[in-house]
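Q: Pasting upload_36.pdb here (PDB, C-alpha atoms):
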```pdb
ATOM      1  CA  MET A   1     133.766  56.485 -76.230  1.00  0.00           C
ATOM      2  CA  SER A   2     131.148  54.631 -78.307  1.00  0.00           C
ATOM      3  CA  LYS A   3     127.404  55.265 -78.209  1.00  0.00           C
ATOM      4  CA  HIS A   4     126.756  51.696 -77.058  1.00  0.00           C
ATOM      5  CA  HIS A   5     129.085  52.059 -74.066  1.00  0.00           C
ATOM      6  CA  THR A   6     127.620  55.461 -73.174  1.00  0.00           C
ATOM      7  CA  PHE A   7     124.006  54.308 -73.373  1.00  0.00           C
ATOM      8  CA  GLY A   8     124.932  51.150 -71.466  1.00  0.00           C
ATOM      9  CA  ILE A   9     126.384  53.228 -68.601  1.00  0.00           C
ATOM     10  CA  ILE A  10     123.305  55.459 -68.541  1.00  0.00           C
ATOM     11  CA  ALA A  11     120.982  52.454 -68.512  1.00  0.00           C
ATOM     12  CA  LEU A  12     122.951  50.757 -65.719  1.00  0.00           C
ATOM     13  CA  ILE A  13     122.977  53.831 -63.467  1.00  0.00           C
ATOM     14  CA  LEU A  14     119.308  54.486 -64.136  1.00  0.00           C
ATOM     15  CA  CYS A  15     118.401  50.862 -63.405  1.00  0.00           C
ATOM     16  CA  VAL A  16     120.307  50.775 -60.096  1.00  0.00           C
ATOM     17  CA  ASP A  17     118.890  54.157 -59.078  1.00  0.00           C
ATOM     18  CA  GLN A  18     115.269  53.282 -59.818  1.00  0.00           C
ATOM     19  CA  CYS A  19     115.489  49.750 -58.395  1.00  0.00           C
ATOM     20  CA  THR A  20     116.796  51.068 -55.065  1.00  0.00           C
ATOM     21  CA  LYS A  21     114.100  53.745 -54.966  1.00  0.00           C
ATOM     22  CA  LEU A  22     111.309  51.314 -55.823  1.00  0.00           C
ATOM     23  CA  TYR A  23     112.536  48.937 -53.124  1.00  0.00           C
ATOM     24  CA  ILE A  24     112.692  51.680 -50.497  1.00  0.00           C
ATOM     25  CA  LYS A  25     109.250  53.030 -51.425  1.00  0.00           C
ATOM     26  CA  THR A  26     107.602  49.616 -51.217  1.00  0.00           C
ATOM     27  CA  HIS A  27     109.468  48.246 -48.171  1.00  0.00           C
ATOM     28  CA  PHE A  28     110.027  51.292 -45.925  1.00  0.00           C
ATOM     29  CA  GLU A  29     107.742  53.768 -44.230  1.00  0.00           C
ATOM     30  CA  LEU A  30     108.748  57.416 -44.440  1.00  0.00           C
ATOM     31  CA  GLY A  31     111.423  58.078 -41.809  1.00  0.00           C
ATOM     32  CA  GLN A  32     112.196  54.382 -41.264  1.00  0.00           C
ATOM     33  CA  GLU A  33     115.875  53.674 -40.703  1.00  0.00           C
ATOM     34  CA  VAL A  34     118.139  50.626 -40.856  1.00  0.00           C
ATOM     35  CA  VAL A  35     121.592  50.900 -39.271  1.00  0.00           C
ATOM     36  CA  VAL A  36     124.104  49.058 -41.478  1.00  0.00           C
ATOM     37  CA  PHE A  37     127.178  50.448 -39.703  1.00  0.00           C
ATOM     38  CA  SER A  38     127.504  53.192 -37.120  1.00  0.00           C
ATOM     39  CA  TRP A  39     128.644  55.490 -39.941  1.00  0.00           C
ATOM     40  CA  PHE A  40     126.218  54.259 -42.652  1.00  0.00           C
ATOM     41  CA  ARG A  41     122.443  53.963 -42.484  1.00  0.00           C
ATOM     42  CA  ILE A  42     119.526  53.431 -44.839  1.00  0.00           C
ATOM     43  CA  LEU A  43     117.123  56.240 -43.992  1.00  0.00           C
ATOM     44  CA  PHE A  44     114.012  56.797 -46.095  1.00  0.00           C
ATOM     45  CA  VAL A  45     113.291  60.482 -46.677  1.00  0.00           C
ATOM     46  CA  GLU A  46     111.631  62.344 -49.523  1.00  0.00           C
ATOM     47  CA  ASN A  47     113.003  65.537 -50.995  1.00  0.00           C
ATOM     48  CA  ASP A  48     110.391  67.979 -52.261  1.00  0.00           C
ATOM     49  CA  GLY A  49     112.876  70.587 -53.369  1.00  0.00           C
ATOM     50  CA  MET A  50     116.389  71.259 -54.555  1.00  0.00           C
ATOM     51  CA  ALA A  51     119.702  70.119 -53.103  1.00  0.00           C
ATOM     52  CA  TRP A  52     119.815  69.954 -49.287  1.00  0.00           C
ATOM     53  CA  GLY A  53     115.995  69.986 -49.300  1.00  0.00           C
ATOM     54  CA  ALA A  54     115.815  73.706 -50.145  1.00  0.00           C
ATOM     55  CA  LYS A  55     112.763  75.094 -51.940  1.00  0.00           C
ATOM     56  CA  LEU A  56     112.224  78.141 -54.117  1.00  0.00           C
ATOM     57  CA  SER A  57     109.454  79.164 -51.740  1.00  0.00           C
ATOM     58  CA  ASP A  58     112.080  79.358 -48.969  1.00  0.00           C
ATOM     59  CA  PHE A  59     113.789  82.186 -50.865  1.00  0.00           C
ATOM     60  CA  PHE A  60     110.746  83.819 -52.475  1.00  0.00           C
ATOM     61  CA  SER A  61     107.823  83.994 -50.051  1.00  0.00           C
ATOM     62  CA  VAL A  62     105.431  85.134 -52.806  1.00  0.00           C
ATOM     63  CA  ILE A  63     105.800  81.727 -54.500  1.00  0.00           C
ATOM     64  CA  SER A  64     103.610  78.945 -53.126  1.00  0.00           C
ATOM     65  CA  ASN A  65     105.045  75.482 -52.462  1.00  0.00           C
ATOM     66  CA  SER A  66     103.077  73.945 -55.346  1.00  0.00           C
ATOM     67  CA  THR A  67     104.204  76.646 -57.808  1.00  0.00           C
ATOM     68  CA  ALA A  68     107.807  76.322 -56.622  1.00  0.00           C
ATOM     69  CA  LYS A  69     107.641  72.561 -57.133  1.00  0.00           C
ATOM     70  CA  LEU A  70     106.260  72.942 -60.668  1.00  0.00           C
ATOM     71  CA  ILE A  71     108.926  75.535 -61.572  1.00  0.00           C
ATOM     72  CA  LEU A  72     111.652  73.220 -60.252  1.00  0.00           C
ATOM     73  CA  THR A  73     110.329  70.237 -62.226  1.00  0.00           C
ATOM     74  CA  VAL A  74     110.127  72.261 -65.461  1.00  0.00           C
ATOM     75  CA  PHE A  75     113.643  73.604 -64.865  1.00  0.00           C
ATOM     76  CA  ARG A  76     114.968  70.067 -64.320  1.00  0.00           C
ATOM     77  CA  ILE A  77     113.395  68.883 -67.579  1.00  0.00           C
ATOM     78  CA  ILE A  78     114.842  71.824 -69.532  1.00  0.00           C
ATOM     79  CA  ALA A  79     118.267  71.211 -67.954  1.00  0.00           C
ATOM     80  CA  LEU A  80     118.055  67.509 -68.823  1.00  0.00           C
ATOM     81  CA  ILE A  81     117.289  68.352 -72.460  1.00  0.00           C
ATOM     82  CA  GLY A  82     120.305  70.672 -72.525  1.00  0.00           C
ATOM     83  CA  ILE A  83     122.581  68.012 -71.015  1.00  0.00           C
ATOM     84  CA  GLY A  84     121.225  65.457 -73.485  1.00  0.00           C
ATOM     85  CA  CYS A  85     122.008  67.746 -76.428  1.00  0.00           C
ATOM     86  CA  TRP A  86     125.511  68.291 -75.050  1.00  0.00           C
ATOM     87  CA  LEU A  87     126.059  64.551 -74.700  1.00  0.00           C
ATOM     88  CA  SER A  88     124.787  63.922 -78.227  1.00  0.00           C
ATOM     89  CA  LYS A  89     127.211  66.531 -79.567  1.00  0.00           C
ATOM     90  CA  LEU A  90     130.121  64.947 -77.698  1.00  0.00           C
ATOM     91  CA  LEU A  91     129.276  61.525 -79.131  1.00  0.00           C
ATOM     92  CA  ARG A  92     129.105  62.891 -82.676  1.00  0.00           C
ATOM     93  CA  LYS A  93     132.468  64.637 -82.270  1.00  0.00           C
ATOM     94  CA  GLN A  94     133.973  61.572 -80.548  1.00  0.00           C
ATOM     95  CA  ALA A  95     135.154  63.776 -77.695  1.00  0.00           C
ATOM     96  CA  HIS A  96     137.552  62.639 -74.982  1.00  0.00           C
ATOM     97  CA  LYS A  97     136.156  59.628 -73.123  1.00  0.00           C
ATOM     98  CA  PHE A  98     136.448  61.265 -69.692  1.00  0.00           C
ATOM     99  CA  LEU A  99     134.409  64.252 -70.847  1.00  0.00           C
ATOM    100  CA  THR A 100     131.752  62.013 -72.414  1.00  0.00           C
ATOM    101  CA  LEU A 101     131.679  59.804 -69.330  1.00  0.00           C
ATOM    102  CA  ALA A 102     131.278  62.826 -67.056  1.00  0.00           C
ATOM    103  CA  VAL A 103     128.296  64.166 -68.995  1.00  0.00           C
ATOM    104  CA  ALA A 104     126.771  60.664 -69.207  1.00  0.00           C
ATOM    105  CA  PHE A 105     126.929  60.341 -65.394  1.00  0.00           C
ATOM    106  CA  ILE A 106     125.357  63.774 -64.932  1.00  0.00           C
ATOM    107  CA  PHE A 107     122.642  62.994 -67.491  1.00  0.00           C
ATOM    108  CA  SER A 108     121.729  59.638 -65.929  1.00  0.00           C
ATOM    109  CA  GLY A 109     121.601  61.129 -62.426  1.00  0.00           C
ATOM    110  CA  ALA A 110     119.444  64.039 -63.532  1.00  0.00           C
ATOM    111  CA  LEU A 111     117.096  61.683 -65.401  1.00  0.00           C
ATOM    112  CA  GLY A 112     116.797  59.422 -62.354  1.00  0.00           C
ATOM    113  CA  ASN A 113     115.645  62.276 -60.123  1.00  0.00           C
ATOM    114  CA  ILE A 114     113.328  63.694 -62.779  1.00  0.00           C
ATOM    115  CA  ILE A 115     111.506  60.348 -62.978  1.00  0.00           C
ATOM    116  CA  ASP A 116     110.745  60.699 -59.255  1.00  0.00           C
ATOM    117  CA  SER A 117     109.573  64.300 -59.604  1.00  0.00           C
ATOM    118  CA  VAL A 118     107.348  63.673 -62.608  1.00  0.00           C
ATOM    119  CA  PHE A 119     105.886  60.200 -62.030  1.00  0.00           C
ATOM    120  CA  TYR A 120     106.223  59.046 -58.403  1.00  0.00           C
ATOM    121  CA  GLY A 121     103.322  61.151 -57.155  1.00  0.00           C
ATOM    122  CA  VAL A 122     101.040  59.426 -59.656  1.00  0.00           C
ATOM    123  CA  ILE A 123     102.197  55.801 -59.351  1.00  0.00           C
ATOM    124  CA  PHE A 124     102.646  55.655 -55.545  1.00  0.00           C
ATOM    125  CA  ASP A 125     100.347  56.411 -52.641  1.00  0.00           C
ATOM    126  CA  ASN A 126     101.587  58.117 -49.478  1.00  0.00           C
ATOM    127  CA  SER A 127     104.510  56.665 -47.500  1.00  0.00           C
ATOM    128  CA  LEU A 128     103.636  58.383 -44.225  1.00  0.00           C
ATOM    129  CA  GLY A 129     102.893  55.673 -41.654  1.00  0.00           C
ATOM    130  CA  GLN A 130     102.729  52.951 -44.291  1.00  0.00           C
ATOM    131  CA  LYS A 131     104.674  51.207 -47.031  1.00  0.00           C
ATOM    132  CA  ALA A 132     103.701  52.771 -50.349  1.00  0.00           C
ATOM    133  CA  THR A 133     101.871  50.764 -52.996  1.00  0.00           C
ATOM    134  CA  LEU A 134     103.222  50.743 -56.540  1.00  0.00           C
ATOM    135  CA  PHE A 135     100.563  51.676 -59.111  1.00  0.00           C
ATOM    136  CA  ALA A 136      98.160  52.659 -56.370  1.00  0.00           C
ATOM    137  CA  GLU A 137      94.575  53.541 -57.253  1.00  0.00           C
ATOM    138  CA  GLN A 138      95.136  57.014 -55.846  1.00  0.00           C
ATOM    139  CA  GLY A 139      98.566  58.638 -56.008  1.00  0.00           C
ATOM    140  CA  TYR A 140      99.851  61.085 -53.421  1.00  0.00           C
ATOM    141  CA  ALA A 141     100.319  63.940 -55.923  1.00  0.00           C
ATOM    142  CA  ASN A 142      99.587  65.043 -59.456  1.00  0.00           C
ATOM    143  CA  LEU A 143     101.890  64.525 -62.435  1.00  0.00           C
ATOM    144  CA  GLY A 144     105.014  66.632 -62.015  1.00  0.00           C
ATOM    145  CA  TYR A 145     104.577  67.085 -58.268  1.00  0.00           C
ATOM    146  CA  GLY A 146     106.306  63.923 -57.023  1.00  0.00           C
ATOM    147  CA  LYS A 147     109.051  63.839 -54.409  1.00  0.00           C
ATOM    148  CA  VAL A 148     112.591  62.534 -54.905  1.00  0.00           C
ATOM    149  CA  VAL A 149     113.384  59.422 -52.862  1.00  0.00           C
ATOM    150  CA  ASP A 150     116.590  59.555 -50.796  1.00  0.00           C
ATOM    151  CA  MET A 151     118.011  56.801 -48.616  1.00  0.00           C
ATOM    152  CA  LEU A 152     121.826  56.891 -48.299  1.00  0.00           C
ATOM    153  CA  TYR A 153     122.917  58.438 -45.008  1.00  0.00           C
ATOM    154  CA  PHE A 154     126.511  58.660 -43.742  1.00  0.00           C
ATOM    155  CA  PRO A 155     126.599  60.194 -40.232  1.00  0.00           C
ATOM    156  CA  MET A 156     130.331  59.594 -39.897  1.00  0.00           C
ATOM    157  CA  PHE A 157     130.723  61.606 -36.700  1.00  0.00           C
ATOM    158  CA  SER A 158     128.904  64.195 -34.645  1.00  0.00           C
ATOM    159  CA  GLY A 159     129.749  66.752 -32.020  1.00  0.00           C
ATOM    160  CA  ILE A 160     129.307  70.345 -30.869  1.00  0.00           C
ATOM    161  CA  PHE A 161     130.822  73.370 -32.571  1.00  0.00           C
ATOM    162  CA  PRO A 162     133.289  75.262 -30.320  1.00  0.00           C
ATOM    163  CA  ASP A 163     131.763  78.333 -28.688  1.00  0.00           C
ATOM    164  CA  TRP A 164     134.287  80.636 -30.378  1.00  0.00           C
ATOM    165  CA  ILE A 165     132.850  79.907 -33.855  1.00  0.00           C
ATOM    166  CA  PRO A 166     130.453  82.720 -34.877  1.00  0.00           C
ATOM    167  CA  ILE A 167     126.734  81.929 -35.324  1.00  0.00           C
ATOM    168  CA  VAL A 168     126.985  78.121 -34.975  1.00  0.00           C
ATOM    169  CA  GLY A 169     129.124  78.040 -31.811  1.00  0.00           C
ATOM    170  CA  GLY A 170     127.661  75.613 -29.280  1.00  0.00           C
ATOM    171  CA  ASP A 171     125.325  73.995 -31.838  1.00  0.00           C
ATOM    172  CA  PHE A 172     125.196  70.241 -32.343  1.00  0.00           C
ATOM    173  CA  PHE A 173     126.288  68.975 -35.786  1.00  0.00           C
ATOM    174  CA  THR A 174     126.519  65.730 -37.725  1.00  0.00           C
ATOM    175  CA  PHE A 175     128.975  65.044 -40.535  1.00  0.00           C
ATOM    176  CA  PHE A 176     127.893  63.997 -43.159  1.00  0.00           C
ATOM    177  CA  ASN A 177     124.271  65.103 -42.624  1.00  0.00           C
ATOM    178  CA  PRO A 178     122.541  65.094 -46.061  1.00  0.00           C
ATOM    179  CA  VAL A 179     120.591  62.023 -47.196  1.00  0.00           C
ATOM    180  CA  PHE A 180     120.973  61.257 -50.909  1.00  0.00           C
ATOM    181  CA  ASN A 181     120.444  58.588 -53.575  1.00  0.00           C
ATOM    182  CA  ILE A 182     122.260  56.806 -56.409  1.00  0.00           C
ATOM    183  CA  ALA A 183     121.274  59.522 -58.892  1.00  0.00           C
ATOM    184  CA  ASP A 184     122.906  62.146 -56.665  1.00  0.00           C
ATOM    185  CA  VAL A 185     126.041  59.988 -56.476  1.00  0.00           C
ATOM    186  CA  ALA A 186     126.130  59.770 -60.288  1.00  0.00           C
ATOM    187  CA  ILE A 187     125.786  63.537 -60.631  1.00  0.00           C
ATOM    188  CA  SER A 188     128.566  64.116 -58.075  1.00  0.00           C
ATOM    189  CA  ILE A 189     130.891  61.668 -59.854  1.00  0.00           C
ATOM    190  CA  GLY A 190     130.078  63.295 -63.185  1.00  0.00           C
ATOM    191  CA  VAL A 191     130.869  66.781 -61.874  1.00  0.00           C
ATOM    192  CA  GLY A 192     134.120  65.462 -60.373  1.00  0.00           C
ATOM    193  CA  LEU A 193     135.141  63.874 -63.678  1.00  0.00           C
ATOM    194  CA  LEU A 194     134.233  67.077 -65.488  1.00  0.00           C
ATOM    195  CA  LEU A 195     136.428  69.171 -63.190  1.00  0.00           C
ATOM    196  CA  TRP A 196     139.247  66.651 -63.531  1.00  0.00           C
ATOM    197  CA  HIS A 197     139.000  66.705 -67.325  1.00  0.00           C
ATOM    198  CA  ASN A 198     138.970  70.505 -67.394  1.00  0.00           C
ATOM    199  CA  ASN A 199     142.032  70.563 -65.131  1.00  0.00           C
ATOM    200  CA  LEU A 200     143.899  68.119 -67.390  1.00  0.00           C
ATOM    201  CA  SER A 201     142.878  70.103 -70.471  1.00  0.00           C
ATOM    202  CA  SER A 202     144.068  73.336 -68.880  1.00  0.00           C
ATOM    203  CA  LYS A 203     147.458  71.823 -68.014  1.00  0.00           C
ATOM    204  CA  SER A 204     147.752  70.406 -71.534  1.00  0.00           C
ATOM    205  CA  ARG A 205     147.042  73.803 -73.097  1.00  0.00           C
ATOM    206  CA  LYS A 206     149.609  75.486 -70.848  1.00  0.00           C
ATOM    207  CA  SER A 207     152.238  72.901 -71.808  1.00  0.00           C
ATOM    208  CA  THR A 208     151.452  73.383 -75.507  1.00  0.00           C
ATOM    209  CA  ASN A 209     151.703  77.162 -75.201  1.00  0.00           C
ATOM    210  CA  GLN A 210     155.038  76.906 -73.402  1.00  0.00           C
ATOM    211  CA  ILE A 211     156.414  74.587 -76.108  1.00  0.00           C
ATOM    212  CA  GLU A 212     155.207  76.968 -78.830  1.00  0.00           C
ATOM    213  CA  LYS A 213     156.826  79.933 -77.092  1.00  0.00           C
ATOM    214  CA  SER A 214     160.094  77.999 -76.723  1.00  0.00           C
ATOM    215  CA  ASP A 215     160.051  77.082 -80.401  1.00  0.00           C
ATOM    216  CA  ALA A 216     159.317  80.677 -81.372  1.00  0.00           C
ATOM    217  CA  ALA A 217     162.236  81.907 -79.278  1.00  0.00           C
TER     218      ALA A 217
END
```
Written as structure tokens, how would this file's structure read?
A:
Amino acid sequence: MSKHHTFGIIALILCVDQCTKLYIKTHFELGQEVVVFSWFRILFVENDGMAWGAKLSDFFSVISNSTAKLILTVFRIIALIGIGCWLSKLLRKQAHKFLTLAVAFIFSGALGNIIDSVFYGVIFDNSLGQKATLFAEQGYANLGYGKVVDMLYFPMFSGIFPDWIPIVGGDFFTFFNPVFNIADVAISIGVGLLLWHNNLSSKSRKSTNQIEKSDAA
């Protein structure tokens, strides 16, 4: 896979991700929802933490929310640098296109969410009860303390867990409950492609080993 194709894919994903986020931030108030279909909605939420909205401070009470946010942002940047180095190595070695594509998707998704975390608090004002202003005079947070914008919501069906299920029995549930964004989709696709490539590589190695053993016999 060529560098031009790889960088083109990254640029396209990043452009779609940021354009959708900018539109949501400037046209929706926090919590505003548009029902597209019964099973698909545009719901504007902001994620201040990790996947599923979790925070480090939820697991370590001695860490404040602001410190947890800073640690998470620094970790994301370090991880992005590592993924970028991996992608650069794959391009130099002209690795299998599926492997390169997988890492490119993961890189673009990670970069898209890092842009939110690092810059959105500075360039936007608050979205609570109002539509945010781009390049506002006063941002809602300092550099590195921004929140990730999510908007894709697929509540395909809901119901109540049977009483015989431990812990959650009798509780109401919605599937699929998380709200996510284009960057998250890119990361998920990248991880899926990576697993698929590893599975194909594993099968290929097993076939090669079997052929070698047959030849040796």
Q: What's the 7 Å shell around region 45-48 of chain A, counting all atoms listed in the file, without same-chain residues fewer than 5 positions away, as a list in words?
A: Leu30, Gly31, Gly53, Lys147, Val148, Val149, Asp150 and Met151 of chain A
Q: Run through the PyMOL selection byres ((chain A and resi 76-80) around 8) on the given coordinates and return the selected residues as a PDB file with C-alpha atoms, keeping the file's coordinate frame.
A:
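Output saved as part22.pdb:
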```pdb
ATOM      1  CA  LEU A  72     111.652  73.220 -60.252  1.00  0.00           C
ATOM      2  CA  THR A  73     110.329  70.237 -62.226  1.00  0.00           C
ATOM      3  CA  VAL A  74     110.127  72.261 -65.461  1.00  0.00           C
ATOM      4  CA  PHE A  75     113.643  73.604 -64.865  1.00  0.00           C
ATOM      5  CA  ILE A  81     117.289  68.352 -72.460  1.00  0.00           C
ATOM      6  CA  GLY A  82     120.305  70.672 -72.525  1.00  0.00           C
ATOM      7  CA  ILE A  83     122.581  68.012 -71.015  1.00  0.00           C
ATOM      8  CA  GLY A  84     121.225  65.457 -73.485  1.00  0.00           C
ATOM      9  CA  PHE A 107     122.642  62.994 -67.491  1.00  0.00           C
ATOM     10  CA  ALA A 110     119.444  64.039 -63.532  1.00  0.00           C
ATOM     11  CA  LEU A 111     117.096  61.683 -65.401  1.00  0.00           C
ATOM     12  CA  ILE A 114     113.328  63.694 -62.779  1.00  0.00           C
TER      13      ILE A 114
END
```
Q: Is there a way to get, as a short mmCIF file (atom, residue, chain, number, x, y, z; two decimals) with C-alpha atoms, keeping the file's coordinate frame, all residues within 10 Å of the point (109.0, 49.9, -43.7) in file coordinates, counting only C-alpha atoms?
A:
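The resulting part-v2.cif:
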```cif
data_model
loop_
_atom_site.label_atom_id
_atom_site.label_comp_id
_atom_site.auth_asym_id
_atom_site.auth_seq_id
_atom_site.Cartn_x
_atom_site.Cartn_y
_atom_site.Cartn_z
CA ILE A 24 112.69 51.68 -50.50
CA LYS A 25 109.25 53.03 -51.42
CA THR A 26 107.60 49.62 -51.22
CA HIS A 27 109.47 48.25 -48.17
CA PHE A 28 110.03 51.29 -45.92
CA GLU A 29 107.74 53.77 -44.23
CA LEU A 30 108.75 57.42 -44.44
CA GLY A 31 111.42 58.08 -41.81
CA GLN A 32 112.20 54.38 -41.26
CA GLU A 33 115.88 53.67 -40.70
CA VAL A 34 118.14 50.63 -40.86
CA PHE A 44 114.01 56.80 -46.10
CA SER A 127 104.51 56.66 -47.50
CA GLY A 129 102.89 55.67 -41.65
CA GLN A 130 102.73 52.95 -44.29
CA LYS A 131 104.67 51.21 -47.03
CA ALA A 132 103.70 52.77 -50.35
#
```
Q: For the file shown, report as a list of chain:residue names the outcome of the PyMOL selection byres ((chain A and resi 179) around 9) at residue level.
A: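 After applying the PyMOL selection byres ((chain A and resi 179) around 9), what remains is A:Ile42, A:Leu43, A:Phe44, A:Val45, A:Trp52, A:Asp150, A:Met151, A:Leu152, A:Tyr153, A:Phe154, A:Phe176, A:Asn177, A:Pro178, A:Phe180, A:Asn181.
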Q: Separation of CA of Val118 (chain A) and CA of Ile9 (chain A), in Å?
A: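 CA of Ile9 (chain A) lies 22.5 Å from CA of Val118 (chain A).
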Q: So how many Å separate CA of Ser117 (chain A) and CA of Val36 (chain A), to one decimal?
A: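 Atom-to-atom, CA of Ser117 (chain A) and CA of Val36 (chain A) are spaced 27.8 Å apart.
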Q: When you look at Gly190 (chain A) with a cut-off of 7 Å (counting all atoms listed in the file), what residues show up, excluding the ones that are within fewer than 6 positions of it in the same chain? I need them as a CSV table (one decimal) with C-alpha atoms, keeping the file's coordinate frame.
A:
```
chain,number,residue,atom,x,y,z
A,102,ALA,CA,131.3,62.8,-67.1
A,103,VAL,CA,128.3,64.2,-69.0
A,105,PHE,CA,126.9,60.3,-65.4
A,106,ILE,CA,125.4,63.8,-64.9
```
Q: Using all atoms listed in the file, which residues sit within 6 Å of Gly112 (chain A) once same-chain residues fewer than 3 positions away are excluded, as an mmCIF file with C-alpha atoms, keeping the file's coordinate frame?
A:
```cif
data_model
loop_
_atom_site.group_PDB
_atom_site.id
_atom_site.type_symbol
_atom_site.label_atom_id
_atom_site.label_comp_id
_atom_site.auth_asym_id
_atom_site.auth_seq_id
_atom_site.Cartn_x
_atom_site.Cartn_y
_atom_site.Cartn_z
ATOM 1 C CA LEU A 14 119.308 54.486 -64.136
ATOM 2 C CA GLY A 109 121.601 61.129 -62.426
ATOM 3 C CA ILE A 115 111.506 60.348 -62.978
ATOM 4 C CA ALA A 183 121.274 59.522 -58.892
#
```
Q: Please identify all polymer residues within 12 Å of Gln94 (chain A), counting all atoms listed in the file, omitting same-chain residues fewer than 6 positions from it, and present them as a PyMOL selection string.
A: chain A and resi 1-3+6+87-88+100-101
Q: Just to confirm, what's the straight-line distance from CA of Cys85 (chain A) to CA of Leu99 (chain A) in Å (one decimal)?
A: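 About the pair CA of Cys85 (chain A) and CA of Leu99 (chain A): they are 14.0 Å apart.
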Q: So which one's closest to Lys89 (chain A), A:Ala104, A:Val122, A:Val191, A:Leu128? Using only C-alpha atoms, please.
A: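 Closest to Lys89 (chain A), using only C-alpha atoms: A:Ala104.
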Q: Between A:Ile189, A:Asn198, A:His5, A:Pro166, which has the minimum distance to Leu91 (chain A) (counting only C-alpha atoms)?
A: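 Closest candidate: A:His5.
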Q: Select, from A:Leu90, A:Ile165, A:Ala68, A:Cys19, the residue with the minimum atom-to-atom distance to Tyr145 (chain A), counting only C-alpha atoms.
A: A:Ala68
Q: Regenerate region 111-127 of chain A at the level of N, CA and C atoms and dump it as a short mmCIF file (atom, residue, chain, number, x, y, z; two decimals), in the coordinates of the input.
A:
```
data_model
loop_
_atom_site.label_atom_id
_atom_site.label_comp_id
_atom_site.auth_asym_id
_atom_site.auth_seq_id
_atom_site.Cartn_x
_atom_site.Cartn_y
_atom_site.Cartn_z
N LEU A 111 118.27 62.42 -64.92
CA LEU A 111 117.10 61.68 -65.40
C LEU A 111 116.46 60.86 -64.28
N GLY A 112 117.31 60.22 -63.46
CA GLY A 112 116.80 59.42 -62.35
C GLY A 112 115.96 60.24 -61.39
N ASN A 113 116.40 61.44 -61.05
CA ASN A 113 115.64 62.28 -60.12
C ASN A 113 114.42 62.90 -60.78
N ILE A 114 114.48 63.15 -62.07
CA ILE A 114 113.33 63.69 -62.78
C ILE A 114 112.20 62.67 -62.83
N ILE A 115 112.53 61.40 -62.98
CA ILE A 115 111.51 60.35 -62.98
C ILE A 115 110.72 60.40 -61.67
N ASP A 116 111.42 60.57 -60.55
CA ASP A 116 110.74 60.70 -59.26
C ASP A 116 109.80 61.90 -59.26
N SER A 117 110.33 63.05 -59.65
CA SER A 117 109.57 64.30 -59.60
C SER A 117 108.33 64.26 -60.48
N VAL A 118 108.46 63.66 -61.65
CA VAL A 118 107.35 63.67 -62.61
C VAL A 118 106.32 62.57 -62.33
N PHE A 119 106.79 61.35 -62.05
CA PHE A 119 105.89 60.20 -62.03
C PHE A 119 105.56 59.62 -60.66
N TYR A 120 106.43 59.77 -59.67
CA TYR A 120 106.22 59.05 -58.40
C TYR A 120 104.94 59.46 -57.68
N GLY A 121 104.56 60.71 -57.81
CA GLY A 121 103.32 61.15 -57.16
C GLY A 121 102.09 60.48 -57.72
N VAL A 122 102.18 60.05 -58.98
CA VAL A 122 101.04 59.43 -59.66
C VAL A 122 101.00 57.92 -59.42
N ILE A 123 102.17 57.27 -59.41
CA ILE A 123 102.20 55.80 -59.35
C ILE A 123 102.28 55.25 -57.93
N PHE A 124 102.57 56.10 -56.94
CA PHE A 124 102.65 55.66 -55.54
C PHE A 124 101.61 56.38 -54.70
N ASP A 125 101.12 55.70 -53.65
CA ASP A 125 100.35 56.41 -52.64
C ASP A 125 101.31 56.88 -51.55
N ASN A 126 100.76 57.48 -50.50
CA ASN A 126 101.59 58.12 -49.48
C ASN A 126 102.41 57.11 -48.68
N SER A 127 103.62 57.52 -48.29
CA SER A 127 104.51 56.66 -47.50
C SER A 127 104.48 56.98 -46.01
#
```
